[in-house]
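Below is one structure; the comments refer to it alone.
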Amino acid sequence: MYDEREIEDSLEFVKQIELYEKCRDNNIVDVMGLRDAIRSDSIITDNYFKDVACGQHDMNADDVHYPEGGDSGEDMPQRTKGKSDDARWNIADFAFIAACVVISVMLSYVFTHYIAHHTKVEGSSMNETLSNGDYLIVEKVSYYIHDPERFDIVVFPYSKDVNYIKRIIGMPGEKLQIIDGKVYINDRRLEDDIYGKELIEDPGVAAAPIYLSDDEYFVMGDNRNSSIDSRSDSVGAVKKERIEGKAMYRIWPFSEFGSIGH
C-alpha cells in the first residue's frame, strides 16, 4: 500500500519544480530562496511560491539565501531589470539635445560676429610685425566703445573671400600725402610712424594730397614696399563700417604667443 501523504508530497514537489522551470525559462524568477528550499526538501505552498518566485512578493535582503559557493553562479538566473535600468530615448531627450545645439550655434554666431574671431596672416605685407602663417585674435568690443585709433592693426574685407590686415596711418578728416618716401599728415611729417622702416618707393595715389572724409581711414602695411593698401586704387581709403575689428593677440606660433600691441 502506498502512503497517501507521501504521494501528495511528491506531487506537490513536482508542481514546485515545474513552476520553478517555467519561471526560470521566462527569466523573471528570483530562485535563490526556492533553490535552498528544494535542496532541503522543504515544501513551499503554491501561493507563496508564485508570489516569491515570480517576483510578486517583496523579499527582504534577510530573506534571501544563496547557495553554497558564493552569491552568484553561472547557472543562476538573473533578476529582471527594472525600467529605470533600461532607459530609452524619448521626445524630451531629443528636445533637450536640440535645444543645446540651437543655443550653441546662437552663442557661436554672437561671439564671432560681435565679440571676437580668429584670422590668419597670409603674405608678407605686415613684416616685421606679423609673419605669414600667424594666427590672430581679432576683437570687436573696443570699437563699440571708441573709434579706431592711429597705428591700430585692423582687419577689413578686400573681397568676399579675402580679408586684409593693415595698420591705420591716416585718420578721418585728415589730409595725407607721401613726399620723398615719408608720410605727411596735414602738411607735417608723421614722426610717430616707426613701423615703416624704409623709405616708401611707390606713394601710389598718395603722391597727391588725399583728403579723408569723416568716416575714412588710410591704411598701410608695415612692409611698405611690399604691400597692397590704401595707396592702391583697388583698396583706397577704408570706411569705418568696413573695419571688422582690431588685431590684438597672436595665438600661433606659440613661440610668439601674446599681445601684438601697436
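Within each chain, counting starts at residue 1; across the C-alpha cells, chains are named A, B, ... in the order shown, with ligands numbered 1 upward in that order.
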Check the DSSP output for the backbone and give back, as an MDAnalysis selection string, the residues of region 171-252 of chain A in strand (DSSP E or B).
chainID A and resid 175:179 182:185 188:189 210:211 216:220 238:239 245:252
DSSP on the backbone, alpha helix (DSSP H) only: what residues of region 88-231 of chain A does that give? Format it as a PyMOL selection string.
chain A and resi 91-114+142-145
With only C-alpha atoms as the counted atoms, please give the residues lying no more than 7 Å from region 216-225 of chain A, apart from itself and same-chain residues fewer than 5 positions off, as an NGL selection string.
:A and (125-127 or 166-172 or 195-196 or 200-201 or 230 or 237-240)
Expected file: the selected residues, N, CA, C and O atoms, as a PDB file, in the first residue's frame:
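The new file part_20.pdb reads:
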```pdb
ATOM      1  N   SER A 125      53.061  91.436 -46.180  1.00  0.00           N
ATOM      2  CA  SER A 125      52.827  92.889 -46.159  1.00  0.00           C
ATOM      3  C   SER A 125      52.950  93.493 -44.767  1.00  0.00           C
ATOM      4  O   SER A 125      53.124  94.704 -44.630  1.00  0.00           O
ATOM      5  N   MET A 126      52.858  92.652 -43.696  1.00  0.00           N
ATOM      6  CA  MET A 126      52.963  93.200 -42.337  1.00  0.00           C
ATOM      7  C   MET A 126      54.281  92.841 -41.663  1.00  0.00           C
ATOM      8  O   MET A 126      54.436  93.031 -40.449  1.00  0.00           O
ATOM      9  N   ASN A 127      55.262  92.312 -42.412  1.00  0.00           N
ATOM     10  CA  ASN A 127      56.587  92.101 -41.838  1.00  0.00           C
ATOM     11  C   ASN A 127      57.156  93.461 -41.413  1.00  0.00           C
ATOM     12  O   ASN A 127      56.928  94.452 -42.098  1.00  0.00           O
ATOM     13  N   LYS A 166      45.968  95.459 -42.033  1.00  0.00           N
ATOM     14  CA  LYS A 166      46.820  96.633 -42.266  1.00  0.00           C
ATOM     15  C   LYS A 166      46.840  97.513 -41.016  1.00  0.00           C
ATOM     16  O   LYS A 166      46.078  97.325 -40.080  1.00  0.00           O
ATOM     17  N   ARG A 167      47.713  98.509 -41.056  1.00  0.00           N
ATOM     18  CA  ARG A 167      47.826  99.441 -39.941  1.00  0.00           C
ATOM     19  C   ARG A 167      47.228 100.798 -40.338  1.00  0.00           C
ATOM     20  O   ARG A 167      47.454 101.297 -41.447  1.00  0.00           O
ATOM     21  N   ILE A 168      46.485 101.390 -39.407  1.00  0.00           N
ATOM     22  CA  ILE A 168      45.900 102.706 -39.668  1.00  0.00           C
ATOM     23  C   ILE A 168      46.996 103.774 -39.609  1.00  0.00           C
ATOM     24  O   ILE A 168      47.737 103.877 -38.619  1.00  0.00           O
ATOM     25  N   ILE A 169      47.081 104.562 -40.674  1.00  0.00           N
ATOM     26  CA  ILE A 169      48.055 105.659 -40.742  1.00  0.00           C
ATOM     27  C   ILE A 169      47.344 107.019 -40.761  1.00  0.00           C
ATOM     28  O   ILE A 169      47.704 107.930 -40.018  1.00  0.00           O
ATOM     29  N   GLY A 170      46.332 107.147 -41.601  1.00  0.00           N
ATOM     30  CA  GLY A 170      45.588 108.411 -41.686  1.00  0.00           C
ATOM     31  C   GLY A 170      44.228 108.297 -41.039  1.00  0.00           C
ATOM     32  O   GLY A 170      43.535 107.274 -41.166  1.00  0.00           O
ATOM     33  N   MET A 171      43.837 109.357 -40.311  1.00  0.00           N
ATOM     34  CA  MET A 171      42.580 109.364 -39.569  1.00  0.00           C
ATOM     35  C   MET A 171      41.521 110.194 -40.297  1.00  0.00           C
ATOM     36  O   MET A 171      41.847 111.024 -41.162  1.00  0.00           O
ATOM     37  N   PRO A 172      40.243 109.987 -39.953  1.00  0.00           N
ATOM     38  CA  PRO A 172      39.162 110.742 -40.587  1.00  0.00           C
ATOM     39  C   PRO A 172      39.381 112.254 -40.505  1.00  0.00           C
ATOM     40  O   PRO A 172      39.815 112.785 -39.470  1.00  0.00           O
ATOM     41  N   TYR A 195      56.858 102.282 -37.790  1.00  0.00           N
ATOM     42  CA  TYR A 195      56.595 100.927 -38.270  1.00  0.00           C
ATOM     43  C   TYR A 195      57.093 100.710 -39.690  1.00  0.00           C
ATOM     44  O   TYR A 195      57.530  99.602 -40.030  1.00  0.00           O
ATOM     45  N   GLY A 196      57.007 101.715 -40.522  1.00  0.00           N
ATOM     46  CA  GLY A 196      57.576 101.620 -41.853  1.00  0.00           C
ATOM     47  C   GLY A 196      59.033 102.052 -41.807  1.00  0.00           C
ATOM     48  O   GLY A 196      59.342 103.251 -41.718  1.00  0.00           O
ATOM     49  N   ILE A 200      59.369 104.937 -48.585  1.00  0.00           N
ATOM     50  CA  ILE A 200      58.318 104.413 -49.452  1.00  0.00           C
ATOM     51  C   ILE A 200      58.683 104.693 -50.906  1.00  0.00           C
ATOM     52  O   ILE A 200      58.840 105.855 -51.306  1.00  0.00           O
ATOM     53  N   GLU A 201      58.848 103.619 -51.661  1.00  0.00           N
ATOM     54  CA  GLU A 201      59.249 103.759 -53.057  1.00  0.00           C
ATOM     55  C   GLU A 201      58.089 104.171 -53.955  1.00  0.00           C
ATOM     56  O   GLU A 201      58.275 104.933 -54.918  1.00  0.00           O
ATOM     57  N   SER A 230      46.012 101.252 -48.995  1.00  0.00           N
ATOM     58  CA  SER A 230      45.229 102.423 -49.406  1.00  0.00           C
ATOM     59  C   SER A 230      45.910 103.237 -50.500  1.00  0.00           C
ATOM     60  O   SER A 230      45.263 104.095 -51.128  1.00  0.00           O
ATOM     61  N   ALA A 237      40.848 104.347 -49.428  1.00  0.00           N
ATOM     62  CA  ALA A 237      40.557 104.609 -48.015  1.00  0.00           C
ATOM     63  C   ALA A 237      39.475 103.630 -47.532  1.00  0.00           C
ATOM     64  O   ALA A 237      38.574 103.245 -48.285  1.00  0.00           O
ATOM     65  N   VAL A 238      39.587 103.221 -46.276  1.00  0.00           N
ATOM     66  CA  VAL A 238      38.672 102.219 -45.701  1.00  0.00           C
ATOM     67  C   VAL A 238      37.662 102.918 -44.805  1.00  0.00           C
ATOM     68  O   VAL A 238      38.045 103.620 -43.852  1.00  0.00           O
ATOM     69  N   LYS A 239      36.397 102.725 -45.093  1.00  0.00           N
ATOM     70  CA  LYS A 239      35.348 103.316 -44.260  1.00  0.00           C
ATOM     71  C   LYS A 239      35.235 102.551 -42.941  1.00  0.00           C
ATOM     72  O   LYS A 239      35.480 101.344 -42.873  1.00  0.00           O
ATOM     73  N   LYS A 240      34.830 103.252 -41.907  1.00  0.00           N
ATOM     74  CA  LYS A 240      34.745 102.666 -40.571  1.00  0.00           C
ATOM     75  C   LYS A 240      33.836 101.440 -40.546  1.00  0.00           C
ATOM     76  O   LYS A 240      34.129 100.444 -39.868  1.00  0.00           O
TER      77      LYS A 240
END
```
Which residue out of A:Leu130, A:Ala92, A:Ile153, A:Val105 has the minimum interatomic distance to Ala247 (chain A) when only C-alpha atoms are used?
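Smallest distance to Ala247 (chain A) is found for A:Ile153.
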Tell me, as an mmCIF file with C-alpha atoms, in the first residue's frame, which residues lie within 10 Å of Asn163 (chain A), counting only C-alpha atoms; anything in the same chain fewer than 4 positions away does not count.
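File produced: part.cif:
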```
data_model
loop_
_atom_site.group_PDB
_atom_site.id
_atom_site.type_symbol
_atom_site.label_atom_id
_atom_site.label_comp_id
_atom_site.auth_asym_id
_atom_site.auth_seq_id
_atom_site.Cartn_x
_atom_site.Cartn_y
_atom_site.Cartn_z
ATOM 1 C CA THR A 119 42.128 85.169 -38.684
ATOM 2 C CA LYS A 120 45.271 84.053 -40.462
ATOM 3 C CA VAL A 121 48.020 86.277 -41.860
ATOM 4 C CA GLU A 122 48.780 85.496 -45.473
ATOM 5 C CA VAL A 155 41.077 93.700 -40.348
ATOM 6 C CA PHE A 156 38.701 94.557 -43.179
ATOM 7 C CA PRO A 157 37.350 92.693 -46.234
ATOM 8 C CA TYR A 158 39.174 93.165 -49.508
ATOM 9 C CA SER A 159 36.786 90.859 -51.338
ATOM 10 C CA GLU A 244 35.758 94.186 -38.677
#
```
Report, in Å with one decimal, the straight-line distance from CA of Tyr109 (chain A) to CA of Ile251 (chain A).
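We find that CA of Tyr109 (chain A) and CA of Ile251 (chain A) lie 20.8 Å from each other.
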Set the distance at 6 Å and use only C-alpha atoms: which residues neighbour Lys140 (chain A) once local chain neighbours fewer than 4 positions away are removed? I'd like the list as a list in words.
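Within the cut-off, the hits are Ile115, Ala116 and Gly245 of chain A.
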Find the residues around Gly204 (chain A) up to 9 Å (only C-alpha atoms counted), leave out those fewer than 4 positions away in its own chain, and share them as a PyMOL selection string.
chain A and resi 178+208+230-233
Pick the closest to Glu128 (chain A) from A:Ala95, A:Leu212, A:Ala206, A:Ile260: which is it, counting only C-alpha atoms?
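Selected residue with least distance to Glu128 (chain A): A:Ile260.
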